[in-house]
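Asks: Pasting a structure below so you can have a look.
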Amino acid sequence: MRPLSADSARESLLRFDLNVQRRHLYVYIAALITANIGAAIGVFPMNVPLAVTLCAGAAMGSGVFYWLFWRGVDRRILNPLWMAVDIAVVTTGVYVTGGLGSPWFIWYITTTAAAAFVGGAWTIAVVGVANTVAYLTVLFVMGQVRFFDAAFTLAFSRMLFLFGASYFFLVGVSRLQEKRLRIRQLEADESRQVNELTRLTAELQQRSRELADANRHIQEANRLKSQFLANMSHELRTPMNSIIGFSEILVDRLDGHIDVKHASFLRHILASGQHLLSIINDILDLSKIEAGKMEIYPERFSIRAVVESVCTVMRGMTRDHVPTFIIEVPDDVPPLEADLAKFKQVLFNLLSNAIKFSPPQLPITISARHIGPTPEEGTITVSVRDEGIGIDPKHHEVIFEEFRQVDGTARREFGGTGLGLALVKKFIELQGGYVTVQSAPGKGSIFAFTLPVHSRAAVVSRAPEAEAPQAITERVLVIEDDAHAYELISSALGSAGYLAVRARHGDEALKIARESRPVAVTLDLVLPGLDGWEVLKRLKGDPATRDIPVVIISMIENRELGVALGADDYFVKPVDRERLLNRIHQLTRNSRPRLLLIDDDANLHKLLDEQLARLGYTIESAFTGESGVKAARQSSPDVIILDLMMPGMSGFEVAGALKEWPETANIPIVVLTSKEISADDRRELQSKVTSFVQKGKSAREQLVTEIRRLRRANA
């Protein structure tokens with residue numbers, strides 16, 4: 001059965017009421033015919049004119065009630081009225097047909113039956129009592145009965161037997177009608193619920209469409225924001241690169257040749273440029289974190305060595321006063337596995353914050369402690385304590401929000417962008433840690449961050465002494481699962497000036513080879529998981545690692561297969577120490593290459609010519625993409641330095657054109673750009689360029705390192 005709506009239920013009830021009134025007309029006509037037949041056959045006498053008048057009046061009354069129902073008058077008012085009229089009509093019929101001697105009283109059953117359809121059991125009882133009272137009353141009026149005489153008892157007994165015999169039947173009819181009405185009501189309620197669910201579904205679909213539209217707008221806004229930040233990165237880093245680069249040259253060259261005041265001016269220019277660059281980098285880092293594009297590169301390092309290194313840098317950067325640092329790192333604090341660059345940046349931001357808000361004469365304490373059952377488990381907490389102005393506890397949450405400061409008014413005493421602590425919190429949370437602060441006005445501050453001892457990413461093992469400044473700068477990846485064999489190879493490499501980086505299985509080796517950029521790889525063929533042959537195949541099949549020399553050191557004798565798969569040499573254990581070191585030196589030896597710089601920034605050409613010429617490099621310049629491609633085809637340089645954003649032919653197009661020509665396809669390309677390199681950019685360029693260097697602070701050192709690495713790889 002199809003559910004009815006609330007309107008349909010009301011319409012059904014109205015049709016029932018109207019039908020009852022139409023049936024009344026038929027009942028009155030049937031009563032008139034029955035009375036005439038009864039009078040004709042002598043069953044009872046009848047006043048015909050009065051009977052006709054009564055029937056006509058009753059029919060008119062039925063029409064009036066029909067109209068009132070149709071007009072919407074409440075049935076709770078109309079139902080008692082028409083029942084009363086029915087009782088009056090039947091009672092008048094009793095009077096017309098002779099009273100006590102007439103069988104007309106049987107018609108009272110019709111009014112009770114009608115009451116059973118429109119009401120409940122109580123309605124039947126009320127109508128039955130009303131019928132009895134009306135019947136006895138008309139007999140009293142006609143003078144045919146007196147109280148409690150034989151006629152009265154007869155009349156009362158008739159009504160009692162009449163309603164007693166029909167009561168249970170009428171109650172059953174009433175209950176069926178009630179159930180029918182309840183079913184109708186339930187159907188109406190169900191229909192309302194269905195309609196409501198339909199409405200809610202339609203509204204939900206509408207909201208979903210609106211959310212989808214809003215999501216598209218958000219994605220488009222995010223794309224535009226990322227594009228804007230990339231463009232801003234290029235436009236800001238390009239002049240900042242010149243400011244920092246030329247300032248470094250002037251500070252190095254003119255120190256001692258000009259008066260102290262002007263030398264101080266140059267250092268202020270350099271410091272201001274580096275400060276502006278750090279702000280730019282902070283904004284871009286925040287954007288990458290929000291976009292979910294910040295990558296974590298965990299490695300193992302000694303906390304004390306890193307803290308001392310950062311403190312040394314902070315002392316050198318602070319010109320007005322040299323801060324006093326107290327380092328409290330117990331010897332039992334184990335090495336930490338985390339992203340070293342981000343760890344240093346977190347510590348740098350916290351120390352900068354402490355220096356800014358602390359009196360110069362008071363020390364700043366950096367402490368570390370390990371919590372865990374063993375050195376290989378648990379967490380390490382690093383805290384920075386100052387004796388500065390302190391922070392009200394109600395502002396402890398605000399200071400970690402982006403671009404929010406406790407005092408953001410124009411009269412504020414301390415500067416800053418409000419990004420330092422926000423980045424601290426995000427960098428630590430990205431690595432599974434958390435940040436806390438304890439501070440109160442006038443009582444200083446303690447900022448602490450906690451990190452797990454072990455990161456979830458692959459471990460890059462380092463010798464502890466590698467953290468201190470020394471001559472070891474070139475890494476050799478040793479893929480060896482046997483600890484004793486690794487110690488022998490590592491010791492030999494360390495004595496020759498190389499840093500051994502260990503990988504215990506094939507998957508770890510492939511990841512470290514891509515991330516740490518070793519100058520060479522030694523490979524054992526028997527490994528857990530991926531075997532050595534598969535590792536060699538993947539190293540040589542990956543554009544990021546295929547140029548790294550690979551030396552196989554294994555118990556398995558199969559030199560021909562190793563060379564066929566791309567190995568640069570093959571040694572059988574036990575390996576000859578001197579011959580291995582000589583071969584690695586041959587594969588990683590350095591030279592003085594000819595460089596081709598393709599960039600539209602004339603200042604960059606002057607800057608790199610000044611910086612690299614002193615190191616013995618020959619630089620050829622091209623200021624457009626078209627001229628750069630032409631120069632590369634003519635001169636075949638050893639390394640190409642390429643900017644990505646240039647008018648006309650972009651760096652992406654230049655890289656593609658160079659890889660299409662056999663004469664230039666194998667020339668290493670180093671991208672030196674102020675553009676923020678996105679994941680899409682890296683995917684587009686991964687088979688065309690060799691490495692990326694970001695313009696800005698330390699770009700010269702990174703560029704020289706990459707050039708030397710590429711020359712070793714090609715050699």
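Every chain in the structure tokens has a letter given in the order shown (A, B, ...), and although residue numbers restart at 1 in each chain, ligands are simply numbered from 1 in the order shown.
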Excluding A:Val90 and residues on its chain fewer than 5 positions from it, collect all residues at most 9 Å away from it, counting only C-alpha atoms, and give them as an mmCIF file with C-alpha atoms, in the first residue's frame.
Replies:
```cif
data_model
loop_
_atom_site.group_PDB
_atom_site.id
_atom_site.type_symbol
_atom_site.label_atom_id
_atom_site.label_comp_id
_atom_site.auth_asym_id
_atom_site.auth_seq_id
_atom_site.Cartn_x
_atom_site.Cartn_y
_atom_site.Cartn_z
ATOM 1 C CA VAL A 85 -30.281 14.986 14.733
ATOM 2 C CA TYR A 95 -43.983 9.192 17.594
ATOM 3 C CA TRP A 104 -39.927 1.674 14.820
ATOM 4 C CA PHE A 105 -37.603 1.729 17.831
ATOM 5 C CA TRP A 107 -34.159 2.181 13.827
ATOM 6 C CA TYR A 108 -32.212 3.387 16.885
ATOM 7 C CA THR A 111 -27.706 5.850 14.931
ATOM 8 C CA ASN A 131 -31.407 6.686 22.390
ATOM 9 C CA TYR A 135 -37.348 6.691 23.458
#
```
Asks: Near stretch 663-667 of chain A, within 7 Å and counting only C-alpha atoms, which residues show up once chain neighbours fewer than 5 positions away are dropped, as a tab-separated table (two decimals) with C-alpha atoms, in the first residue's frame?
Replies:
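Written out: part03.tsv:
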```tsv
chain	number	residue	atom	x	y	z
A	632	ALA	CA	75.59	23.88	-25.50
A	633	ARG	CA	75.54	22.25	-28.95
A	636	SER	CA	79.74	20.81	-25.25
A	638	ASP	CA	81.10	19.73	-18.81
A	639	VAL	CA	78.19	21.05	-16.71
A	658	LEU	CA	69.13	19.49	-24.62
```
Asks: When you count only C-alpha atoms, which of these residues is closest to A:Thr450: A:His484, A:Arg192, A:Arg71, A:Arg369?
Replies: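 Under the stated criterion, the closest residue is A:Arg369.
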Asks: Counting only C-alpha atoms, what is within 9 Å of A:Asn19, bar same-chain residues fewer than 5 positions away, as a ChimeraX atom specification?
Replies: /A:14,24,66
Asks: Near A:Val251, counting only C-alpha atoms, which residues have an atom at most 9 Å away, once you skip same-chain residues fewer than 4 positions from it, shown as a ChimeraX atom specification?
Replies: /A:246-247,255,263,266-267,270
Asks: Would you write out those residues with N, CA and C atoms, as a short mmCIF file (atom, residue, chain, number, x, y, z; two decimals), in the first residue's frame?
Replies:
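As a result, selection-v9.cif now contains:
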```cif
data_model
loop_
_atom_site.label_atom_id
_atom_site.label_comp_id
_atom_site.auth_asym_id
_atom_site.auth_seq_id
_atom_site.Cartn_x
_atom_site.Cartn_y
_atom_site.Cartn_z
N PHE A 246 76.87 39.32 -3.65
CA PHE A 246 77.84 40.43 -3.78
C PHE A 246 78.27 40.93 -2.40
N SER A 247 77.36 40.89 -1.42
CA SER A 247 77.73 41.33 -0.07
C SER A 247 78.79 40.40 0.51
N ASP A 255 87.47 43.22 3.72
CA ASP A 255 87.74 43.20 5.16
C ASP A 255 89.21 43.52 5.40
N ALA A 263 82.95 48.70 6.82
CA ALA A 263 82.88 47.24 6.87
C ALA A 263 81.65 46.79 7.65
N LEU A 266 78.65 46.96 5.38
CA LEU A 266 78.56 45.80 4.49
C LEU A 266 78.01 44.58 5.23
N ARG A 267 78.48 44.37 6.46
CA ARG A 267 77.98 43.24 7.22
C ARG A 267 76.48 43.39 7.53
N LEU A 270 74.62 42.40 4.43
CA LEU A 270 74.60 40.95 4.30
C LEU A 270 73.63 40.33 5.29
#
```
Asks: For each of A:Glu248, A:Lys511, A:Ile258, A:Gln431, take the minimum atom-to-atom distance to A:Glu610, counting only C-alpha atoms, then give the residue where this is smallest.
Replies: A:Glu248
Asks: Which neighbours of A:Leu421 fall inside 8 Å, counting only C-alpha atoms, when residues of the same chain fewer than 2 positions from it are skipped, and could you give them as a short mmCIF file (atom, residue, chain, number, x, y, z; two decimals) with N, CA and C atoms, in the first residue's frame?
Replies:
```cif
data_model
loop_
_atom_site.label_atom_id
_atom_site.label_comp_id
_atom_site.auth_asym_id
_atom_site.auth_seq_id
_atom_site.Cartn_x
_atom_site.Cartn_y
_atom_site.Cartn_z
N ASN A 349 65.39 28.70 15.57
CA ASN A 349 64.25 29.58 15.85
C ASN A 349 64.06 29.78 17.35
N LEU A 350 64.20 28.72 18.13
CA LEU A 350 64.02 28.85 19.58
C LEU A 350 65.12 29.71 20.20
N ILE A 399 50.91 32.06 20.63
CA ILE A 399 52.26 32.23 20.08
C ILE A 399 52.61 31.17 19.05
N PHE A 400 51.88 30.04 19.03
CA PHE A 400 52.16 28.99 18.05
C PHE A 400 51.29 29.10 16.81
N GLU A 401 50.47 30.13 16.71
CA GLU A 401 49.63 30.32 15.53
C GLU A 401 50.37 31.18 14.51
N GLY A 418 56.00 36.47 13.36
CA GLY A 418 55.05 35.55 13.98
C GLY A 418 55.05 34.18 13.34
N LEU A 419 56.12 33.83 12.60
CA LEU A 419 56.18 32.53 11.94
C LEU A 419 57.15 31.56 12.62
N LEU A 423 56.35 27.56 12.86
CA LEU A 423 57.10 26.56 12.11
C LEU A 423 57.74 25.53 13.05
N VAL A 424 58.18 25.97 14.22
CA VAL A 424 58.72 25.02 15.20
C VAL A 424 57.68 23.94 15.51
N LYS A 425 56.47 24.37 15.81
CA LYS A 425 55.41 23.43 16.15
C LYS A 425 55.11 22.48 14.99
#
```
Asks: Quick one: pull the distance between atom CA of A:Thr545 and atom CA of A:Pro518, Å, one decimal.
Replies: 9.2 Å
Asks: Which of these, A:Glu474, A:Glu534, A:Glu387, A:Glu480, has the shortest distance to A:Pro441 once you count only C-alpha atoms?
Replies: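 Nearest to A:Pro441: A:Glu387.
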Asks: Using atom CA of A:Glu429 and atom CA of A:Lys344 as the two end points, give the distance in Å to one decimal.
Replies: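 Distance reported for this atom pair: 15.1 Å.
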Asks: Between A:Tyr28, A:Trp661, A:Trp67, A:Phe348, which has the minimum distance to A:Gln634 (counting only C-alpha atoms)?
Replies: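 Using only C-alpha atoms, the shortest distance to A:Gln634 belongs to A:Trp661.
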Asks: Which residue is closest to A:Phe343? Choose from A:Gly506, A:Gly529, A:Pro80, A:Gly433 and count only C-alpha atoms.
Replies: A:Gly433
Asks: Taking only stretch 328-437 of chain A into account, list the residues labelled alpha helix (DSSP H) by DSSP (computed from the backbone), as a list in words.
Replies: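 Answer for stretch 328-437 of chain A restricted to alpha helix (DSSP H) is Leu340, Ala341, Lys342, Phe343, Lys344, Gln345, Val346, Leu347, Phe348, Asn349, Leu350, Leu351, Ser352, Asn353, Ala354, Ile355, Lys356, Phe357, Gly420, Leu421, Ala422, Leu423, Val424, Lys425, Lys426, Phe427, Ile428, Glu429 and Leu430 of chain A.
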Asks: Mind pulling up the distance from atom CA of A:Met159 to atom CA of A:Phe16?
Replies: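 Spanning atom CA of A:Phe16 to atom CA of A:Met159 is a straight-line distance of 28.7 Å.
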Asks: Extract, using only C-alpha atoms, all DNA, RNA and protein residues at most 6 Å from stretch 497-505 of chain A, discarding same-chain residues fewer than 2 positions from it, and format them as a count of residues only.
Replies: 19
Asks: Can you tell me, as a list in words, what residues are no more than 9 Å from A:Val306 when counting only C-alpha atoms, ignoring any on the same chain fewer than 3 positions away?
Replies: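 Near A:Val306, the qualifying residues are Phe301, Ser302, Ile303, Ser309, Val310, Cys311, Leu340, Phe343, Lys344, Glu467 and Ala468 of chain A.
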